[in-house]
Structure formats: structure tokens, C-alpha cells
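> This is entry_10.txt, which holds compact mmCIF, C-alpha atoms:
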# COMPACT_ATOMS: atom_id res chain seq x y z
CA MET X 13 -6.64 -119.07 73.47
CA SER X 14 -6.82 -121.51 70.59
CA GLN X 15 -3.71 -122.79 68.79
CA PRO X 16 -2.43 -120.79 65.82
CA ILE X 17 -4.10 -122.05 62.66
CA GLU X 18 -0.77 -122.95 61.06
CA ALA X 19 0.25 -125.17 63.95
CA THR X 20 -3.02 -127.04 63.71
CA ALA X 21 -2.83 -127.30 59.93
CA SER X 22 0.72 -128.65 60.10
CA ARG X 23 -0.60 -131.79 61.77
CA ALA X 24 -2.58 -132.85 58.68
CA PRO X 25 -1.87 -136.52 57.99
CA VAL X 26 0.47 -137.70 55.24
CA GLU X 27 -1.67 -139.30 52.51
CA PHE X 28 -0.22 -142.62 51.31
CA TYR X 29 -1.61 -144.08 48.07
CA PHE X 30 -0.53 -147.57 47.06
CA ASP X 31 -1.50 -150.73 45.21
CA PHE X 32 -1.12 -154.08 46.98
CA THR X 33 0.79 -155.52 44.00
CA SER X 34 3.36 -152.70 43.96
CA PRO X 35 6.84 -153.67 45.24
CA TYR X 36 7.81 -150.04 45.84
CA GLY X 37 4.47 -149.52 47.62
CA TYR X 38 5.29 -152.46 49.90
CA LEU X 39 8.74 -151.05 50.69
CA ALA X 40 7.19 -147.66 51.47
CA SER X 41 4.57 -149.31 53.72
CA GLU X 42 7.38 -150.59 55.95
CA LYS X 43 8.83 -147.08 56.39
CA ILE X 44 6.21 -144.38 56.16
CA ASP X 45 4.53 -144.61 59.60
CA ALA X 46 7.81 -144.38 61.55
CA LEU X 47 9.06 -141.58 59.29
CA ALA X 48 5.89 -139.52 59.73
CA ALA X 49 5.82 -140.17 63.47
CA ARG X 50 9.25 -138.52 63.82
CA TYR X 51 7.52 -135.29 62.75
CA ASP X 52 4.39 -135.85 64.77
CA ARG X 53 2.30 -136.82 61.77
CA ARG X 54 -0.08 -139.65 61.20
CA VAL X 55 -0.50 -141.44 57.87
CA LYS X 56 -3.73 -141.99 55.96
CA TRP X 57 -3.39 -145.28 54.05
CA ARG X 58 -5.30 -145.32 50.77
CA PRO X 59 -5.03 -148.46 48.61
CA PHE X 60 -6.12 -147.94 45.01
CA LEU X 61 -5.94 -149.84 41.73
CA MET X 62 -2.92 -148.86 39.66
CA GLY X 63 -4.60 -150.17 36.53
CA VAL X 64 -6.92 -147.16 36.60
CA ALA X 65 -3.92 -144.79 36.75
CA LEU X 66 -2.05 -146.73 34.05
CA LYS X 67 -4.99 -146.12 31.74
CA ALA X 68 -4.69 -142.38 32.41
CA THR X 69 -0.92 -142.23 31.76
CA GLY X 70 -0.76 -144.92 29.05
CA ALA X 71 2.00 -146.70 30.95
CA GLY X 72 2.41 -150.46 30.68
CA ILE X 73 3.24 -153.04 33.33
CA LEU X 74 6.76 -152.19 34.45
CA THR X 75 8.26 -155.66 34.42
CA ARG X 76 6.99 -156.34 30.89
CA ILE X 77 8.62 -153.28 29.31
CA PRO X 78 11.71 -154.08 27.20
CA LEU X 79 15.02 -153.18 28.94
CA LYS X 80 13.19 -151.51 31.85
CA GLY X 81 11.51 -154.73 32.98
CA GLU X 82 14.72 -156.64 33.62
CA TYR X 83 16.18 -153.66 35.45
CA ALA X 84 13.02 -153.28 37.55
CA LEU X 85 13.21 -156.85 38.90
CA ARG X 86 16.79 -156.23 39.98
CA ASP X 87 15.92 -152.83 41.43
CA PHE X 88 12.99 -154.19 43.51
CA ALA X 89 15.30 -156.62 45.31
CA ARG X 90 18.22 -154.20 45.63
CA SER X 91 15.99 -151.40 46.93
CA ALA X 92 14.62 -153.82 49.53
CA ARG X 93 18.16 -154.67 50.69
CA PHE X 94 19.04 -150.97 50.67
CA LEU X 95 16.05 -150.23 52.92
CA ASP X 96 16.59 -153.37 55.01
CA VAL X 97 13.15 -154.80 54.25
CA PRO X 98 12.66 -158.55 53.58
CA TYR X 99 11.61 -159.21 49.97
CA THR X 100 11.02 -162.18 47.71
CA GLN X 101 9.89 -161.55 44.14
CA PRO X 102 6.47 -163.25 43.85
CA ALA X 103 6.08 -165.73 40.98
CA ASN X 104 2.55 -164.45 40.36
CA PHE X 105 3.34 -160.82 39.52
CA PRO X 106 1.64 -158.46 39.14
CA LEU X 107 -1.77 -159.63 40.29
CA ALA X 108 -5.27 -158.17 40.63
CA THR X 109 -5.78 -156.43 43.95
CA MET X 110 -9.41 -155.34 43.94
CA GLN X 111 -10.48 -157.99 46.49
CA ALA X 112 -7.59 -157.06 48.78
CA ALA X 113 -8.38 -153.34 48.49
CA ARG X 114 -12.10 -153.87 49.01
CA ALA X 115 -11.42 -155.93 52.14
CA TYR X 116 -9.12 -153.15 53.38
CA TYR X 117 -11.88 -150.53 53.11
CA TRP X 118 -14.43 -152.87 54.67
CA LEU X 119 -12.20 -153.32 57.70
CA HIS X 120 -11.25 -149.65 57.65
CA ASP X 121 -14.86 -148.58 58.07
CA GLN X 122 -14.99 -150.61 61.27
CA ASP X 123 -11.55 -149.85 62.69
CA CYS X 124 -8.84 -148.01 60.80
CA GLU X 125 -5.99 -149.33 62.98
CA THR X 126 -7.01 -152.92 62.30
CA ALA X 127 -7.18 -152.10 58.59
CA ARG X 128 -3.57 -150.88 58.73
CA THR X 129 -2.25 -154.06 60.34
CA PHE X 130 -4.29 -156.03 57.79
CA ALA X 131 -2.59 -154.06 54.99
CA HIS X 132 0.79 -155.10 56.41
CA THR X 133 -0.42 -158.71 56.53
CA LEU X 134 -1.49 -158.56 52.87
CA TYR X 135 1.76 -156.94 51.71
CA ARG X 136 3.98 -159.28 53.73
CA GLY X 137 1.89 -162.28 52.73
CA TYR X 138 2.52 -161.41 49.08
CA PHE X 139 6.10 -160.08 49.14
CA ILE X 140 7.57 -162.35 51.82
CA ASP X 141 5.46 -165.53 51.82
CA GLY X 142 4.35 -165.51 48.17
CA ARG X 143 0.65 -165.82 49.02
CA ASP X 144 -1.78 -165.22 46.13
CA ILE X 145 -3.61 -162.17 47.48
CA SER X 146 -5.71 -161.93 44.29
CA ASP X 147 -7.57 -165.02 45.55
CA PRO X 148 -10.63 -164.06 47.63
CA GLU X 149 -10.10 -167.13 49.82
CA VAL X 150 -6.62 -165.91 50.75
CA VAL X 151 -7.93 -162.41 51.43
CA LEU X 152 -10.64 -163.85 53.69
CA GLU X 153 -8.15 -166.06 55.53
CA LEU X 154 -5.83 -163.12 56.21
CA ALA X 155 -8.72 -160.82 57.20
CA ALA X 156 -10.03 -163.47 59.62
CA ARG X 157 -6.69 -163.29 61.45
CA HIS X 158 -7.59 -159.69 62.22
CA GLY X 159 -11.01 -160.57 63.56
CA ALA X 160 -13.09 -160.20 60.39
CA ASP X 161 -16.14 -162.41 60.19
CA ARG X 162 -15.44 -164.53 57.15
CA ALA X 163 -18.99 -165.01 55.90
CA THR X 164 -19.94 -161.36 56.35
CA LEU X 165 -16.83 -160.14 54.54
CA ALA X 166 -17.25 -162.76 51.77
CA ALA X 167 -20.73 -161.41 51.08
CA ALA X 168 -19.60 -157.78 51.25
CA LEU X 169 -16.77 -158.33 48.75
CA ASN X 170 -19.29 -159.01 46.01
CA ASP X 171 -21.91 -156.49 47.01
CA ALA X 172 -22.37 -153.20 45.19
CA PRO X 173 -21.63 -150.80 48.08
CA LEU X 174 -18.06 -152.02 48.67
CA LYS X 175 -17.37 -152.15 44.91
CA GLU X 176 -18.61 -148.57 44.64
CA ARG X 177 -16.53 -147.56 47.64
CA LEU X 178 -13.29 -148.76 46.02
CA LYS X 179 -14.26 -147.23 42.68
CA ALA X 180 -14.84 -143.88 44.39
CA GLU X 181 -11.46 -144.12 46.18
CA CYS X 182 -9.70 -144.78 42.84
CA GLU X 183 -11.47 -141.85 41.20
CA ALA X 184 -10.59 -139.59 44.13
CA ALA X 185 -6.94 -140.64 43.88
CA ILE X 186 -6.77 -139.92 40.13
CA ALA X 187 -8.49 -136.58 40.75
CA LYS X 188 -5.65 -135.71 43.15
CA GLY X 189 -3.08 -136.50 40.43
CA VAL X 190 -2.04 -139.92 41.74
CA PHE X 191 -0.52 -141.88 38.84
CA GLY X 192 1.53 -144.62 40.48
CA SER X 193 2.43 -146.44 43.68
CA PRO X 194 3.56 -145.34 46.18
CA TYR X 195 2.36 -141.76 45.95
CA PHE X 196 2.31 -139.40 48.93
CA ILE X 197 0.71 -136.03 49.52
CA VAL X 198 2.00 -133.82 52.32
CA ASP X 199 0.20 -130.49 52.73
CA ASP X 200 -0.63 -130.43 48.98
CA GLU X 201 2.94 -131.39 47.98
CA PRO X 202 3.07 -134.67 45.99
CA PHE X 203 5.88 -137.22 46.19
CA PHE X 204 6.03 -140.23 43.87
CA GLY X 205 8.08 -143.31 44.64
CA VAL X 206 9.73 -144.89 47.65
CA ASP X 207 12.90 -143.13 46.49
CA ARG X 208 11.29 -139.79 47.33
CA LEU X 209 11.07 -140.59 51.06
CA PRO X 210 14.26 -138.58 51.77
CA GLN X 211 12.67 -135.53 50.08
CA LEU X 212 9.39 -136.15 51.92
CA GLU X 213 11.30 -136.32 55.19
CA ARG X 214 13.09 -133.05 54.54
CA TRP X 215 9.72 -131.50 53.66
CA LEU X 216 8.27 -132.60 57.00
CA ALA X 217 11.38 -131.47 58.88
CA SER X 218 11.50 -128.00 57.37
CA GLY X 219 7.93 -127.29 56.25
CA GLY X 220 8.97 -127.22 52.59
CA PHE X 221 12.26 -126.46 50.85
CA MET W 24 54.29 -159.12 43.15
CA SER W 25 51.41 -157.73 41.17
CA GLN W 26 48.30 -156.36 42.84
CA PRO W 27 45.46 -158.82 43.54
CA ILE W 28 43.17 -158.98 40.53
CA GLU W 29 40.17 -157.85 42.57
CA ALA W 30 41.88 -154.69 43.75
CA THR W 31 42.75 -153.79 40.17
CA ALA W 32 39.29 -154.62 38.90
CA SER W 33 37.67 -152.50 41.61
CA ARG W 34 39.15 -149.41 39.99
CA ALA W 35 37.03 -149.77 36.84
CA PRO W 36 35.40 -146.42 36.06
CA VAL W 37 31.73 -145.72 36.78
CA GLU W 38 29.92 -145.51 33.42
CA PHE W 39 27.58 -142.51 33.24
CA TYR W 40 25.03 -142.43 30.39
CA PHE W 41 22.99 -139.28 29.91
CA ASP W 42 21.13 -137.12 27.40
CA PHE W 43 21.86 -133.38 27.33
CA THR W 44 18.12 -132.59 27.49
CA SER W 45 17.55 -134.70 30.63
CA PRO W 46 16.98 -132.70 33.86
CA TYR W 47 17.83 -135.68 36.05
CA GLY W 48 20.93 -136.29 33.91
CA TYR W 49 21.99 -132.70 34.53
CA LEU W 50 21.49 -133.07 38.30
CA ALA W 51 23.54 -136.27 38.26
CA SER W 52 26.30 -134.57 36.25
CA GLU W 53 26.80 -132.14 39.13
CA LYS W 54 27.27 -134.96 41.65
CA ILE W 55 28.76 -138.08 40.11
CA ASP W 56 32.44 -137.12 39.79
CA ALA W 57 32.80 -136.08 43.43
CA LEU W 58 30.83 -139.12 44.59
CA ALA W 59 32.99 -141.55 42.60
CA ALA W 60 36.20 -139.80 43.68
CA ARG W 61 35.36 -140.52 47.34
CA TYR W 62 35.81 -144.21 46.43
CA ASP W 63 38.84 -143.69 44.22
CA ARG W 64 36.88 -144.14 41.02
CA ARG W 65 36.82 -142.17 37.81
CA VAL W 66 33.70 -141.64 35.71
CA LYS W 67 33.31 -142.37 32.01
CA TRP W 68 30.81 -139.81 30.62
CA ARG W 69 28.74 -141.18 27.74
CA PRO W 70 26.09 -138.87 26.23
CA PHE W 71 23.51 -140.71 24.12
CA LEU W 72 20.15 -139.93 22.54
CA MET W 73 17.23 -140.87 24.77
CA GLY W 74 14.93 -140.96 21.74
CA VAL W 75 16.59 -144.20 20.68
CA ALA W 76 15.92 -145.73 24.10
CA LEU W 77 12.35 -144.41 24.19
CA LYS W 78 11.69 -146.29 20.96
CA ALA W 79 12.92 -149.48 22.63
CA THR W 80 10.76 -149.07 25.76
CA GLY W 81 7.77 -147.39 24.09
CA ALA W 82 7.89 -144.57 26.66
CA GLY W 83 6.72 -141.08 25.75
CA ILE W 84 8.17 -137.70 26.61
CA LEU W 85 7.82 -137.45 30.39
CA THR W 86 6.46 -133.91 30.61
CA ARG W 87 3.76 -134.65 28.03
CA ILE W 88 2.28 -137.65 29.86
CA PRO W 89 -1.07 -136.93 31.56
CA LEU W 90 -0.76 -136.56 35.38
CA LYS W 91 2.91 -137.59 35.32
CA GLY W 92 3.98 -134.58 33.25
CA GLU W 93 2.79 -131.96 35.71
CA TYR W 94 4.37 -133.86 38.58
CA ALA W 95 7.65 -134.20 36.66
CA LEU W 96 8.04 -130.43 36.22
CA ARG W 97 7.57 -129.95 39.96
CA ASP W 98 9.91 -132.82 40.76
CA PHE W 99 12.73 -131.51 38.50
CA ALA W 100 12.84 -128.22 40.42
CA ARG W 101 12.36 -129.77 43.86
CA SER W 102 15.01 -132.44 43.24
CA ALA W 103 17.40 -129.65 42.20
CA ARG W 104 16.73 -127.81 45.47
CA PHE W 105 17.08 -131.06 47.40
CA LEU W 106 20.49 -131.66 45.79
CA ASP W 107 21.46 -127.99 46.04
CA VAL W 108 21.98 -127.57 42.30
CA PRO W 109 20.85 -124.40 40.45
CA TYR W 110 17.99 -125.13 38.04
CA THR W 111 15.64 -123.19 35.77
CA GLN W 112 13.13 -125.12 33.70
CA PRO W 113 14.00 -124.31 30.06
CA ALA W 114 11.14 -122.98 27.92
CA ASN W 115 12.36 -125.07 24.99
CA PHE W 116 12.01 -128.53 26.50
CA PRO W 117 12.89 -131.18 25.60
CA LEU W 118 15.14 -130.43 22.64
CA ALA W 119 17.22 -132.40 20.14
CA THR W 120 20.72 -133.10 21.41
CA MET W 121 22.49 -134.83 18.55
CA GLN W 122 24.65 -131.78 17.71
CA ALA W 123 25.63 -131.35 21.36
CA ALA W 124 26.45 -135.05 21.72
CA ARG W 125 28.40 -135.14 18.46
CA ALA W 126 30.46 -132.11 19.55
CA TYR W 127 31.13 -133.87 22.87
CA TYR W 128 32.58 -136.94 21.15
CA TRP W 129 34.60 -134.79 18.74
CA LEU W 130 36.21 -132.99 21.68
CA HIS W 131 36.51 -136.23 23.62
CA ASP W 132 38.65 -137.82 20.95
CA GLN W 133 41.11 -134.95 21.34
CA ASP W 134 41.02 -134.54 25.13
CA CYS W 135 38.56 -136.28 27.39
CA GLU W 136 39.00 -133.81 30.28
CA THR W 137 38.11 -130.88 28.02
CA ALA W 138 35.08 -132.82 26.80
CA ARG W 139 33.91 -133.20 30.39
CA THR W 140 34.12 -129.49 31.15
CA PHE W 141 32.35 -128.86 27.82
CA ALA W 142 29.56 -131.22 28.93
CA HIS W 143 29.14 -129.12 32.10
CA THR W 144 29.03 -125.98 29.96
CA LEU W 145 26.30 -127.46 27.74
CA TYR W 146 24.21 -128.68 30.68
CA ARG W 147 24.56 -125.44 32.65
CA GLY W 148 23.97 -123.37 29.52
CA TYR W 149 20.67 -125.19 29.03
CA PHE W 150 19.45 -125.69 32.61
CA ILE W 151 20.72 -122.45 34.16
CA ASP W 152 20.98 -119.92 31.31
CA GLY W 153 18.25 -121.29 29.04
CA ARG W 154 20.52 -121.49 25.98
CA ASP W 155 19.14 -123.42 23.00
CA ILE W 156 21.73 -126.21 22.82
CA SER W 157 19.87 -127.85 19.91
CA ASP W 158 21.17 -124.96 17.76
CA PRO W 159 24.51 -125.84 16.11
CA GLU W 160 25.59 -122.19 16.41
CA VAL W 161 25.16 -122.32 20.18
CA VAL W 162 27.02 -125.63 20.37
CA LEU W 163 29.89 -124.13 18.33
CA GLU W 164 30.01 -121.02 20.51
CA LEU W 165 30.18 -123.07 23.70
CA ALA W 166 32.77 -125.46 22.23
CA ALA W 167 34.92 -122.53 21.13
CA ARG W 168 35.13 -121.46 24.78
CA HIS W 169 36.92 -124.73 25.40
CA GLY W 170 39.40 -124.19 22.57
CA ALA W 171 37.58 -125.94 19.74
CA ASP W 172 38.29 -124.57 16.27
CA ARG W 173 34.88 -123.42 15.15
CA ALA W 174 35.20 -124.05 11.42
CA THR W 175 36.73 -127.50 11.87
CA LEU W 176 34.05 -128.57 14.34
CA ALA W 177 31.26 -127.07 12.17
CA ALA W 178 32.41 -129.23 9.26
CA ALA W 179 32.82 -132.32 11.45
CA LEU W 180 29.29 -132.03 12.87
CA ASN W 181 27.82 -132.75 9.47
CA ASP W 182 30.32 -135.33 8.31
CA ALA W 183 29.58 -139.04 8.26
CA PRO W 184 32.30 -140.22 10.69
CA LEU W 185 31.02 -138.18 13.66
CA LYS W 186 27.39 -139.09 12.88
CA GLU W 187 28.40 -142.75 12.81
CA ARG W 188 30.36 -142.33 16.02
CA LEU W 189 27.30 -141.08 17.93
CA LYS W 190 25.08 -143.74 16.37
CA ALA W 191 27.51 -146.44 17.50
CA GLU W 192 27.59 -144.96 21.04
CA CYS W 193 23.78 -145.04 21.20
CA GLU W 194 23.67 -148.62 19.96
CA ALA W 195 26.33 -149.64 22.47
CA ALA W 196 24.33 -148.00 25.27
CA ILE W 197 21.11 -149.81 24.31
CA ALA W 198 23.05 -153.07 24.05
CA LYS W 199 24.13 -152.57 27.67
CA GLY W 200 20.48 -152.14 28.71
CA VAL W 201 20.49 -148.34 29.04
CA PHE W 202 16.88 -147.11 28.74
CA GLY W 203 16.91 -143.65 30.26
CA SER W 204 18.96 -140.78 31.63
CA PRO W 205 20.90 -140.82 33.88
CA TYR W 206 21.95 -144.45 33.87
CA PHE W 207 25.05 -145.73 35.61
CA ILE W 208 26.93 -149.00 35.45
CA VAL W 209 29.29 -149.92 38.29
CA ASP W 210 31.09 -153.24 37.89
CA ASP W 211 28.15 -154.65 35.83
CA GLU W 212 25.56 -153.34 38.32
CA PRO W 213 23.09 -150.89 36.69
CA PHE W 214 21.55 -147.89 38.46
CA PHE W 215 18.83 -145.78 36.82
CA GLY W 216 17.98 -142.26 37.95
CA VAL W 217 19.64 -139.53 39.98
CA ASP W 218 17.60 -140.88 42.92
CA ARG W 219 19.70 -144.05 42.82
CA LEU W 220 22.93 -142.20 43.72
CA PRO W 221 22.58 -143.20 47.40
CA GLN W 222 22.40 -146.87 46.35
CA LEU W 223 25.29 -146.38 43.92
CA GLU W 224 27.33 -144.83 46.72
CA ARG W 225 26.64 -147.71 49.09
CA TRP W 226 27.62 -150.10 46.29
CA LEU W 227 30.97 -148.33 45.86
CA ALA W 228 31.51 -148.17 49.62
CA SER W 229 30.83 -151.84 50.27
CA GLY W 230 31.52 -153.57 46.95
CA GLY W 231 27.86 -154.55 46.58
CA PHE W 232 25.08 -155.16 49.09
Output the file's structure as C-alpha cells, nothing else.

Amino acid sequence: MSQPIEATASRAPVEFYFDFTSPYGYLASEKIDALAARYDRRVKWRPFLMGVALKATGAGILTRIPLKGEYALRDFARSARFLDVPYTQPANFPLATMQAARAYYWLHDQDCETARTFAHTLYRGYFIDGRDISDPEVVLELAARHGADRATLAAALNDAPLKERLKAECEAAIAKGVFGSPYFIVDDEPFFGVDRLPQLERWLASGGF
Amino acid sequence: MSQPIEATASRAPVEFYFDFTSPYGYLASEKIDALAARYDRRVKWRPFLMGVALKATGAGILTRIPLKGEYALRDFARSARFLDVPYTQPANFPLATMQAARAYYWLHDQDCETARTFAHTLYRGYFIDGRDISDPEVVLELAARHGADRATLAAALNDAPLKERLKAECEAAIAKGVFGSPYFIVDDEPFFGVDRLPQLERWLASGGF
């Protein structure tokens, strides 16, 4: 006999949308795989460009908003300490992440596990070591550590197919209602923000609440 | 010998800023007193008008923002279930809260404990029973339950001193950096959002982290 449909469906992966320049996305990236694994779920990592979502919602760049901006800088660092994740506010913040995201999808289409460890390398490079991950040279250097052929990736980054691929991913994210980073979807239930991980966890534990 | 200065200072109340039309403010109002009491702290309740803060940050009304608005309505109800607080999304949302806030301060200046129970009555009236707390008649009815003289309060609501009082409270809140509801200040450390209560609790437990 086959498994009950519900049991099979319950193993759908957690969708994780994030932008490589998002501090809360970085914090979530250090937690989400282990959290999901406790409930026998995998995680689908989907970098996108927050700028596209900001256009849809009319929101500005968080750290440049009066009152909120100053608070945000403090909250990034405090939330990192709260979650026990190393964090150093980058001087160059926020930055453009299309090259980083394109490189992610290029690697992903060869080996999704390698792409995930590359995503960690990008996030940690930016939020721990202060690397300028908007610079294609930096992206290539970090990708090479994960076995990417530098020349091939350098050419791909500026070719139409990879540009189109990222554009399509951003459009798909917006179509699903994604408006910020991190944003999670669990069995059609959306969760926005690293501060929603406790709710997401209860959802996984109890199949909704 | 007198107590060490630090021990005395550590008993400063938690400041709790909120707007009576804020769902997350309502959820926080059901939790903050008990949370603070676990660490031998009292809470100073300070209603203000979010509209003033929204002007400062340029933010719009959450539920009317594309993508974010639909998510927010779902998140209000789910966060209430997560925190085990009764919640019904009011049809009239958001609404103007200056009469409610003025009545709060009028009661507060007579008896701050009564004002606090009145604040619960306003919040629960709106978010459980769907009462229109923008209506001065409703505000008067609810205040009368707490012993307020209806005619005296009705006159005070439209007199300059109480209007000025609320205006000064709003200006003081903005001057402290308050930009949304709920917003807490613990020993100069700001916390924004009901989802920051776990961080606020760790702060109280450990004197900062």
C-alpha cells in the first residue's frame, strides 16, 4: 500500500526567501535548516532581490527611515546576540545582491547542496568578515572556493539566461506574496521575519494552530 | 546603609507605548504586566497616537499596504493564537483613538491603577467585542464602568488641557524614538513589537545581553 496522501504532503519543504543584504535573512539562514530538520523537513533556499518587493510595498530602506533606522541597527546586533549568531554591521550597507543571487542559482542548477554552502559563505563573508559581496570579483572568489570555474561563472553572470533566471525567481516570489526578507512558506502558510521562527516551529510541530 | 545605586536603578518601570487601535499593542497589553512582575518590575502604560509617528517615519497604514496588508491580517490572528489571547479582527479598522487616549490620561491623573484596567476594557472592547472605541459615547460608557463621572469626562474630552496633555505625551514619545506600537523602553534599551517580548524578558532576566 502507498503512504496516506497527507503524510506524503506533510514532507513538503519549507520555502525560505531571502536577500543576501538582509541582516534578518542572514540570522534566519543560520537557524532554519536545523529547525526544519527537527520536524523531518528540508528547506528550499530562494534568494531574491528585495528591491523588487520594496517597489511593490512602497517601503524604503530600513536603516534610512527616521527613528526606525537607528532602532534597526541596534536590533540587528541585539537579535544576533539573542540568537547566538556572530554579527558585525557591514560598513557598506545595504548593497546590491544581483551578482550574488545569480551566482547562487548558477551553482544551484549544478548542485543544490553546494549552492547552500555557498549561500552561507556569502552571508558570513558579508556579515562577519565585511566582504563586499556586491563586487563580482568577490562573488567569483567565494564561488571558486566551492569548486566553481571562475571564467565560466564570470561569463554566465553577464549572460541573458542567468539574468532571466533571477528575474523569474523574483517575479515568482512576488507572485507568492513575498514582500521582505526572510519570508517563509510552510504548506501555504506564510511567515515573515526571523522573529516568526517560534511560530513557524509550532506550525511544523502541530500541523497548524 | 542605603541600597546600592544599581539595585535601586534596576527597579525603574518598563515603559510601554501603544495605540488603542494597534493589534500588536493589544496582544502586548495582555502579557507585559505579568512578564515584568516576574522580574520585580512595574509597567508605565503610555497610550499615544501612532499617526504622529507614521508621519515621522513615512509609513502607511499596515493593512492597506500591497502584499504586506493581507499578510498582516493573517499574522494578527495567528499571533493572537500563538500567545493564547482572544482576538477578533474589528470591521472598523484602524480607527481614531484620540478620545480613548484622552480618557485614559484623564483617569490616570486620578488613579493610575483604574486607568490601567480601563485600558484593558478599551482594548478588549475593540479587539474582542468589536466596539467602536473611536466614538466618544462608547468611550464614556466604558469609562463609567470604572467609576468615571460621565458628564465631567465628556466636558474634559473637549477641553484644551486634556487635548494638550495627549499632544505632549505624543511629542514626548516621539522624542524618545517611539515609532510604532507596541514599543517598550527598559533602562534606556528600546524594544519594538510584541515579537520582541522574548528579548525584553531576557534583558530583564540578565540585565542586558
> May I have the residues of chain W within 6 Å of chain X, counting only C-alpha atoms, written as JSON, numbers by chain?
{"W": [80, 88, 89, 90, 200]}
> Please determine the residues with any atom at most 6 Å from (26.3, -132.9, 14.8) (coordinates as given in the file, with all atoms listed in the file counting) and report them as a PyMOL selection string.
chain W and resi 121-122+125+180-181
> Find the residue from W:Ala179, W:Ala35, W:Ala228, W:Val75 that sits nearest to Cys193 (chain W); use only C-alpha atoms when measuring.
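Under the stated criterion, the closest residue is W:Val75.
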> Quick one: distance from CA of Asp182 (chain W) to CA of His131 (chain W) in Å, one decimal?
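CA of Asp182 (chain W) sits 16.5 Å away from CA of His131 (chain W).
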> Skip Ile145 (chain X) itself and residues of its chain fewer than 3 positions away, then list as number ranges by chain all residues within 9 Å of it, counting all atoms listed in the file.
X: 32-33, 107-109, 111-112, 134-135, 137-138, 142, 148-151
> Let me see the file: selected residues, C-alpha atoms, as a compact mmCIF listing (two decimals), in the frame of the given file.

# COMPACT_ATOMS: atom_id res chain seq x y z
CA PHE X 32 -1.12 -154.08 46.98
CA THR X 33 0.79 -155.52 44.00
CA LEU X 107 -1.77 -159.63 40.29
CA ALA X 108 -5.27 -158.17 40.63
CA THR X 109 -5.78 -156.43 43.95
CA GLN X 111 -10.48 -157.99 46.49
CA ALA X 112 -7.59 -157.06 48.78
CA LEU X 134 -1.49 -158.56 52.87
CA TYR X 135 1.76 -156.94 51.71
CA GLY X 137 1.89 -162.28 52.73
CA TYR X 138 2.52 -161.41 49.08
CA GLY X 142 4.35 -165.51 48.17
CA PRO X 148 -10.63 -164.06 47.63
CA GLU X 149 -10.10 -167.13 49.82
CA VAL X 150 -6.62 -165.91 50.75
CA VAL X 151 -7.93 -162.41 51.43
> Got a minute to add N, CA and C atoms to region 182-197 of chain W and dump it as a PDB file, keeping the file's coordinate frame?

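Written out: selection-v5.pdb:
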ATOM      1  N   ASP W 182      29.631-134.278   9.054  1.00  0.00           N
ATOM      2  CA  ASP W 182      30.320-135.330   8.310  1.00  0.00           C
ATOM      3  C   ASP W 182      29.939-136.713   8.837  1.00  0.00           C
ATOM      4  N   ALA W 183      30.012-137.681   7.931  1.00  0.00           N
ATOM      5  CA  ALA W 183      29.580-139.040   8.260  1.00  0.00           C
ATOM      6  C   ALA W 183      30.304-139.649   9.472  1.00  0.00           C
ATOM      7  N   PRO W 184      31.623-139.495   9.602  1.00  0.00           N
ATOM      8  CA  PRO W 184      32.300-140.220  10.690  1.00  0.00           C
ATOM      9  C   PRO W 184      31.754-139.863  12.077  1.00  0.00           C
ATOM     10  N   LEU W 185      31.515-138.578  12.337  1.00  0.00           N
ATOM     11  CA  LEU W 185      31.020-138.180  13.660  1.00  0.00           C
ATOM     12  C   LEU W 185      29.573-138.636  13.865  1.00  0.00           C
ATOM     13  N   LYS W 186      28.758-138.568  12.789  1.00  0.00           N
ATOM     14  CA  LYS W 186      27.390-139.090  12.880  1.00  0.00           C
ATOM     15  C   LYS W 186      27.409-140.580  13.231  1.00  0.00           C
ATOM     16  N   GLU W 187      28.289-141.303  12.563  1.00  0.00           N
ATOM     17  CA  GLU W 187      28.400-142.750  12.810  1.00  0.00           C
ATOM     18  C   GLU W 187      28.891-143.020  14.230  1.00  0.00           C
ATOM     19  N   ARG W 188      29.813-142.173  14.669  1.00  0.00           N
ATOM     20  CA  ARG W 188      30.360-142.330  16.020  1.00  0.00           C
ATOM     21  C   ARG W 188      29.249-142.266  17.072  1.00  0.00           C
ATOM     22  N   LEU W 189      28.388-141.228  16.953  1.00  0.00           N
ATOM     23  CA  LEU W 189      27.300-141.080  17.930  1.00  0.00           C
ATOM     24  C   LEU W 189      26.306-142.231  17.810  1.00  0.00           C
ATOM     25  N   LYS W 190      26.012-142.626  16.577  1.00  0.00           N
ATOM     26  CA  LYS W 190      25.080-143.740  16.370  1.00  0.00           C
ATOM     27  C   LYS W 190      25.608-145.005  17.048  1.00  0.00           C
ATOM     28  N   ALA W 191      26.899-145.249  16.883  1.00  0.00           N
ATOM     29  CA  ALA W 191      27.510-146.440  17.500  1.00  0.00           C
ATOM     30  C   ALA W 191      27.452-146.344  19.030  1.00  0.00           C
ATOM     31  N   GLU W 192      27.666-145.132  19.582  1.00  0.00           N
ATOM     32  CA  GLU W 192      27.590-144.960  21.040  1.00  0.00           C
ATOM     33  C   GLU W 192      26.178-145.252  21.544  1.00  0.00           C
ATOM     34  N   CYS W 193      25.174-144.783  20.797  1.00  0.00           N
ATOM     35  CA  CYS W 193      23.780-145.040  21.200  1.00  0.00           C
ATOM     36  C   CYS W 193      23.464-146.525  21.155  1.00  0.00           C
ATOM     37  N   GLU W 194      23.932-147.184  20.082  1.00  0.00           N
ATOM     38  CA  GLU W 194      23.670-148.620  19.960  1.00  0.00           C
ATOM     39  C   GLU W 194      24.374-149.400  21.067  1.00  0.00           C
ATOM     40  N   ALA W 195      25.580-148.967  21.404  1.00  0.00           N
ATOM     41  CA  ALA W 195      26.330-149.640  22.470  1.00  0.00           C
ATOM     42  C   ALA W 195      25.604-149.456  23.814  1.00  0.00           C
ATOM     43  N   ALA W 196      25.045-148.264  24.021  1.00  0.00           N
ATOM     44  CA  ALA W 196      24.330-148.000  25.270  1.00  0.00           C
ATOM     45  C   ALA W 196      23.104-148.917  25.380  1.00  0.00           C
ATOM     46  N   ILE W 197      22.306-148.940  24.319  1.00  0.00           N
ATOM     47  CA  ILE W 197      21.110-149.810  24.310  1.00  0.00           C
ATOM     48  C   ILE W 197      21.510-151.266  24.544  1.00  0.00           C
TER      49      ILE W 197
END
